[in-house]
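Shown next, in structure tokens, is the structure this report addresses.
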Amino acid sequence: MFPPPTGPELAADLARGLDDIYFASDPLGYFTARISSLLAERVPEGARDETSSAPEPSQFERLLGEVAKTYRNPTPQARKLQTGIDAFAVRQHAAETLLRLTYVVLRRRCGRGSPSVWADVEATPTGMADVLDGIQECFSKDDRWSLFRDLVYPPDAADKDDPHVISGVTTFAEWFNFSLELFARGPLDVSAAHNKFKHGLGVRVRDDYLVNFATDGPDEHGRVAKSALTGAGAVNVFDRIVLQFLASPGPRKQGPPLESTTLRISPNVLLAQAALIAHTYAAMFCVAANTHFNTRDSHQDDCHDLGDGVRSEAPSAAAYPGLLVDGPLPEHITSSKELIAMRQPLTQRRDGSAAREAAFFYADGTHQNFRITGPVLTARVVDG
């Protein structure tokens with residue numbers, strides 16, 4: 001319980017109490033549990049729809065009644081697609097969480113924070129573009145390496161120049177930069193897909209979408225042999241789970257074009273990336289938590305007075321998660337030339353200017369424009 005407010009600003013003791021609550025949490029525990037649950041839900045390829053025997057009704061089923069049958073046994077395909085999109089979501093969630101905490105701790109070092117870190121986290125800008133701008137502004141004023149190192153490794157440690165520490169901090173820095181790229185403005189807006197998913201499920205996740213480059217086209221009867229799509233003269237561009245979404249890049253007042261983007265979804269890759277980003281976040285959170293608990297006013301002791309003579313031990317920070325020496329780095333998780341997305345314009349701009357060209361995007365951040373020429377043909381795939 002908290003005392004009634006006495007003004008628009010947080011009192012110092014109340015701010016300390018709020019941060020006691022915030023920094024006693026275990027953010028790595030949350031992400032490990034979430035990632036672990038998604039790994040456990042992975043559906044093997046070729047799994048068939050089977051109805052298992054009905055267990056004893058749970059409280060959930062008793063509350064829903066007959067409707068609960070719909071939720072008892074989702075099909076393997078539904079589970080597969082759900083795991084894919086949730087793997088994408090947890091990766092984006094971990095990256096956004098890391099960046100928002102970075103924004104807060106950097107600004108507090110510049111003297112632009114409130115008495116409470118938790119309150120500052122709540123007050124971060126809604127738009128991630130503003131969060132990224134704030135991070136870049138603070139990093140530009142100091143030595144980036146030393147500043148980042150002190151965010152993710154105890155700043156009072158005596159071994160900060162140890163090669164293992166440098167390697168571990170470098171790994172954290174690489175995953176921090178990877179997180180920045182996930183939300184950076186550019187030709188491929190991955191964060192837009194996450195927003196469409198969060199706000200109204202405005203995406204399509206599917207595993208039946210095949211994009212293929214083949215040298216043999218349909219014959220005069222509108223038929224294409226199956227071997228033409230699987231033989232030596234064919235290359236698959238998309239052949240696994242994909243996430244498709246629509247977006248209109250640019251200021252609304254300029255009448256931005258409508259674009260379609262298709263992202264490749266590899267759940268194991270996404271969950272590995274999420275885990276390493278979460279580990280980086282946990283290190284930063286632990287350093288900030290220890291700073292909070294180690295800089296209490298001298299009158300603060302190891303107990304809190306709960307009234308009526310009841311005393312409780314003060315909370316403490318979760319254990320430091322450890323350094324990631326020698327990686328893995330982002331390039332260890334995905335090949336730099338792996339195709340990750342395709343973007344296509346659907347309309348021109350309302351002001352008459354041309355839309356962005358269609359493009360393929362690769363894991364190293366590069367992209368390759370392409371243009372579709374000739375008429376659209378419809379064909380039937382036949383054996384042969």
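By convention in this document, the chains of the structure tokens carry letters A, B, ... by their order, each chain's residues are numbered from 1, and ligands are numbered from 1 in the order they are shown.
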
Among range 198-326 of chain A, which ones does DSSP assign to helix (DSSP H, G or I) (computed from the backbone)? Answer as a ChimeraX atom specification. /A:198,226-230,252-254,267-294

Looking at only C-alpha atoms, which of A:Ser116, A:Gln273, A:Thr215, A:Ser248 is the one that sits closest to Ala232 in chain A? A:Thr215

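Take CA of Thr124 in chain A and CA of Thr32 in chain A: the distance between them is 24.8 Å.
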
If DSSP is run on the backbone, what residues of range 129-316 of chain A are strand (DSSP E)? A reply as a ChimeraX atom specification would be ideal. /A:203-206,211-214,223-225,234-238,242-247,259-264,303-307,310-313

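Going from CA of Ala184 in chain A to CA of Met128 in chain A covers 8.5 Å.
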
Residues near Thr280 in chain A, cut-off 8 Å, only C-alpha atoms, skip fewer than 5 positions along chain, as a ChimeraX atom specification: /A:98,152,172,175-176

Residues of the last selection are to be written out with N, CA and C atoms, as a PDB file, in the first residue's frame.
```pdb
ATOM      1  N   LEU A  98      15.062  -4.007 -23.925  1.00  0.00           N
ATOM      2  CA  LEU A  98      16.465  -3.608 -23.781  1.00  0.00           C
ATOM      3  C   LEU A  98      16.664  -2.148 -24.155  1.00  0.00           C
ATOM      4  N   VAL A 152      26.475  -2.683 -18.688  1.00  0.00           N
ATOM      5  CA  VAL A 152      26.208  -4.129 -18.688  1.00  0.00           C
ATOM      6  C   VAL A 152      27.184  -4.932 -17.841  1.00  0.00           C
ATOM      7  N   PHE A 172      27.604  -8.498 -25.823  1.00  0.00           N
ATOM      8  CA  PHE A 172      26.435  -7.699 -25.435  1.00  0.00           C
ATOM      9  C   PHE A 172      26.255  -6.523 -26.391  1.00  0.00           C
ATOM     10  N   TRP A 175      24.655  -7.545 -29.686  1.00  0.00           N
ATOM     11  CA  TRP A 175      23.216  -7.796 -29.599  1.00  0.00           C
ATOM     12  C   TRP A 175      22.438  -6.519 -29.316  1.00  0.00           C
ATOM     13  N   PHE A 176      23.077  -5.569 -28.661  1.00  0.00           N
ATOM     14  CA  PHE A 176      22.453  -4.255 -28.502  1.00  0.00           C
ATOM     15  C   PHE A 176      22.317  -3.579 -29.869  1.00  0.00           C
TER      16      PHE A 176
END
```

Considering only C-alpha atoms, state which residue in the set A:Asp86, A:Asn369, A:Gly65, A:Pro8 is at the smallest distance from Leu201 in chain A. A:Asp86

Considering only C-alpha atoms, return as JSON, numbers by chain whatever protein or nucleic-acid residues lie within 9 Å of Ala282 in chain A, sequence-local ones (same chain, fewer than 3 positions apart) excluded. {"A": [26, 27, 28, 98, 152, 277, 278, 279, 285, 286, 287, 318, 320, 321]}

Next, the residues of the selection above should be written as a PDB file, in the first residue's frame with N, CA and C atoms.
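Printed below is part17.pdb as written:
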```pdb
ATOM      1  N   ASP A  26      12.737 -10.419 -11.652  1.00  0.00           N
ATOM      2  CA  ASP A  26      13.677 -11.307 -12.347  1.00  0.00           C
ATOM      3  C   ASP A  26      13.322 -11.333 -13.830  1.00  0.00           C
ATOM      4  N   PRO A  27      13.746 -10.331 -14.591  1.00  0.00           N
ATOM      5  CA  PRO A  27      13.349 -10.259 -16.007  1.00  0.00           C
ATOM      6  C   PRO A  27      13.883 -11.417 -16.836  1.00  0.00           C
ATOM      7  N   LEU A  28      15.068 -11.914 -16.505  1.00  0.00           N
ATOM      8  CA  LEU A  28      15.591 -13.045 -17.272  1.00  0.00           C
ATOM      9  C   LEU A  28      14.740 -14.285 -17.031  1.00  0.00           C
ATOM     10  N   LEU A  98      15.062  -4.007 -23.925  1.00  0.00           N
ATOM     11  CA  LEU A  98      16.465  -3.608 -23.781  1.00  0.00           C
ATOM     12  C   LEU A  98      16.664  -2.148 -24.155  1.00  0.00           C
ATOM     13  N   VAL A 152      26.475  -2.683 -18.688  1.00  0.00           N
ATOM     14  CA  VAL A 152      26.208  -4.129 -18.688  1.00  0.00           C
ATOM     15  C   VAL A 152      27.184  -4.932 -17.841  1.00  0.00           C
ATOM     16  N   ILE A 277      19.369 -11.504 -26.711  1.00  0.00           N
ATOM     17  CA  ILE A 277      18.973 -10.131 -26.396  1.00  0.00           C
ATOM     18  C   ILE A 277      18.512 -10.047 -24.944  1.00  0.00           C
ATOM     19  N   ALA A 278      17.725 -11.030 -24.501  1.00  0.00           N
ATOM     20  CA  ALA A 278      17.243 -11.050 -23.115  1.00  0.00           C
ATOM     21  C   ALA A 278      18.398 -11.152 -22.138  1.00  0.00           C
ATOM     22  N   HIS A 279      19.432 -11.915 -22.487  1.00  0.00           N
ATOM     23  CA  HIS A 279      20.609 -12.036 -21.618  1.00  0.00           C
ATOM     24  C   HIS A 279      21.309 -10.690 -21.484  1.00  0.00           C
ATOM     25  N   PHE A 285      19.984  -4.748 -16.573  1.00  0.00           N
ATOM     26  CA  PHE A 285      19.027  -4.600 -15.472  1.00  0.00           C
ATOM     27  C   PHE A 285      19.703  -4.882 -14.138  1.00  0.00           C
ATOM     28  N   CYS A 286      20.536  -5.916 -14.088  1.00  0.00           N
ATOM     29  CA  CYS A 286      21.219  -6.273 -12.841  1.00  0.00           C
ATOM     30  C   CYS A 286      22.179  -5.171 -12.394  1.00  0.00           C
ATOM     31  N   VAL A 287      22.925  -4.600 -13.341  1.00  0.00           N
ATOM     32  CA  VAL A 287      23.838  -3.507 -12.997  1.00  0.00           C
ATOM     33  C   VAL A 287      23.059  -2.311 -12.451  1.00  0.00           C
ATOM     34  N   ALA A 318      18.494  -9.511  -8.582  1.00  0.00           N
ATOM     35  CA  ALA A 318      18.731 -10.863  -9.090  1.00  0.00           C
ATOM     36  C   ALA A 318      20.209 -11.027  -9.415  1.00  0.00           C
ATOM     37  N   TYR A 320      23.710 -11.609 -11.230  1.00  0.00           N
ATOM     38  CA  TYR A 320      24.214 -11.211 -12.548  1.00  0.00           C
ATOM     39  C   TYR A 320      24.219 -12.435 -13.463  1.00  0.00           C
ATOM     40  N   PRO A 321      23.695 -12.325 -14.689  1.00  0.00           N
ATOM     41  CA  PRO A 321      23.533 -13.503 -15.541  1.00  0.00           C
ATOM     42  C   PRO A 321      24.822 -14.063 -16.111  1.00  0.00           C
TER      43      PRO A 321
END
```

Tell me, as a PyMOL selection string, which residues lie within 10 Å of Arg107 in chain A, counting only C-alpha atoms; anything in the same chain fewer than 6 positions away does not count. chain A and resi 101+113-114+120+134-135+137-139

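CA of Pro375 in chain A is positioned 23.7 Å from CA of Gly352 in chain A.
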
Skipping near chain neighbours, those fewer than 5 positions away, what residues fall within 12 Å of Ala354 in chain A using only C-alpha atoms, listed as an mmCIF file with N, CA and C atoms, in the first residue's frame?
```cif
data_model
loop_
_atom_site.group_PDB
_atom_site.id
_atom_site.type_symbol
_atom_site.label_atom_id
_atom_site.label_comp_id
_atom_site.auth_asym_id
_atom_site.auth_seq_id
_atom_site.Cartn_x
_atom_site.Cartn_y
_atom_site.Cartn_z
ATOM 1 N N GLY A 255 0.476 11.140 -48.592
ATOM 2 C CA GLY A 255 -0.218 10.065 -49.286
ATOM 3 C C GLY A 255 0.701 8.906 -49.584
ATOM 4 N N PRO A 256 1.277 8.264 -48.550
ATOM 5 C CA PRO A 256 2.259 7.204 -48.783
ATOM 6 C C PRO A 256 1.634 6.009 -49.493
ATOM 7 N N PRO A 257 2.438 5.281 -50.259
ATOM 8 C CA PRO A 257 1.912 4.114 -50.962
ATOM 9 C C PRO A 257 1.661 2.966 -49.994
ATOM 10 N N LEU A 258 0.862 2.037 -50.424
ATOM 11 C CA LEU A 258 0.631 0.824 -49.648
ATOM 12 C C LEU A 258 1.606 -0.238 -50.127
ATOM 13 N N PRO A 345 5.594 -2.932 -53.684
ATOM 14 C CA PRO A 345 4.615 -1.835 -53.665
ATOM 15 C C PRO A 345 3.294 -2.290 -54.254
ATOM 16 N N LEU A 346 2.204 -1.823 -53.672
ATOM 17 C CA LEU A 346 0.868 -2.147 -54.168
ATOM 18 C C LEU A 346 0.192 -0.944 -54.825
ATOM 19 N N THR A 347 0.577 0.273 -54.388
ATOM 20 C CA THR A 347 0.019 1.496 -54.968
ATOM 21 C C THR A 347 1.129 2.525 -55.133
ATOM 22 N N GLN A 348 0.857 3.541 -55.949
ATOM 23 C CA GLN A 348 1.756 4.685 -56.069
ATOM 24 C C GLN A 348 1.403 5.715 -54.998
ATOM 25 N N ARG A 349 2.267 6.699 -54.826
ATOM 26 C CA ARG A 349 1.984 7.783 -53.880
ATOM 27 C C ARG A 349 0.871 8.663 -54.439
#
```

With distances taken over only C-alpha atoms, which of A:Arg206, A:Arg16, A:His199, A:Arg109 is nearest to Thr83 in chain A? A:Arg206
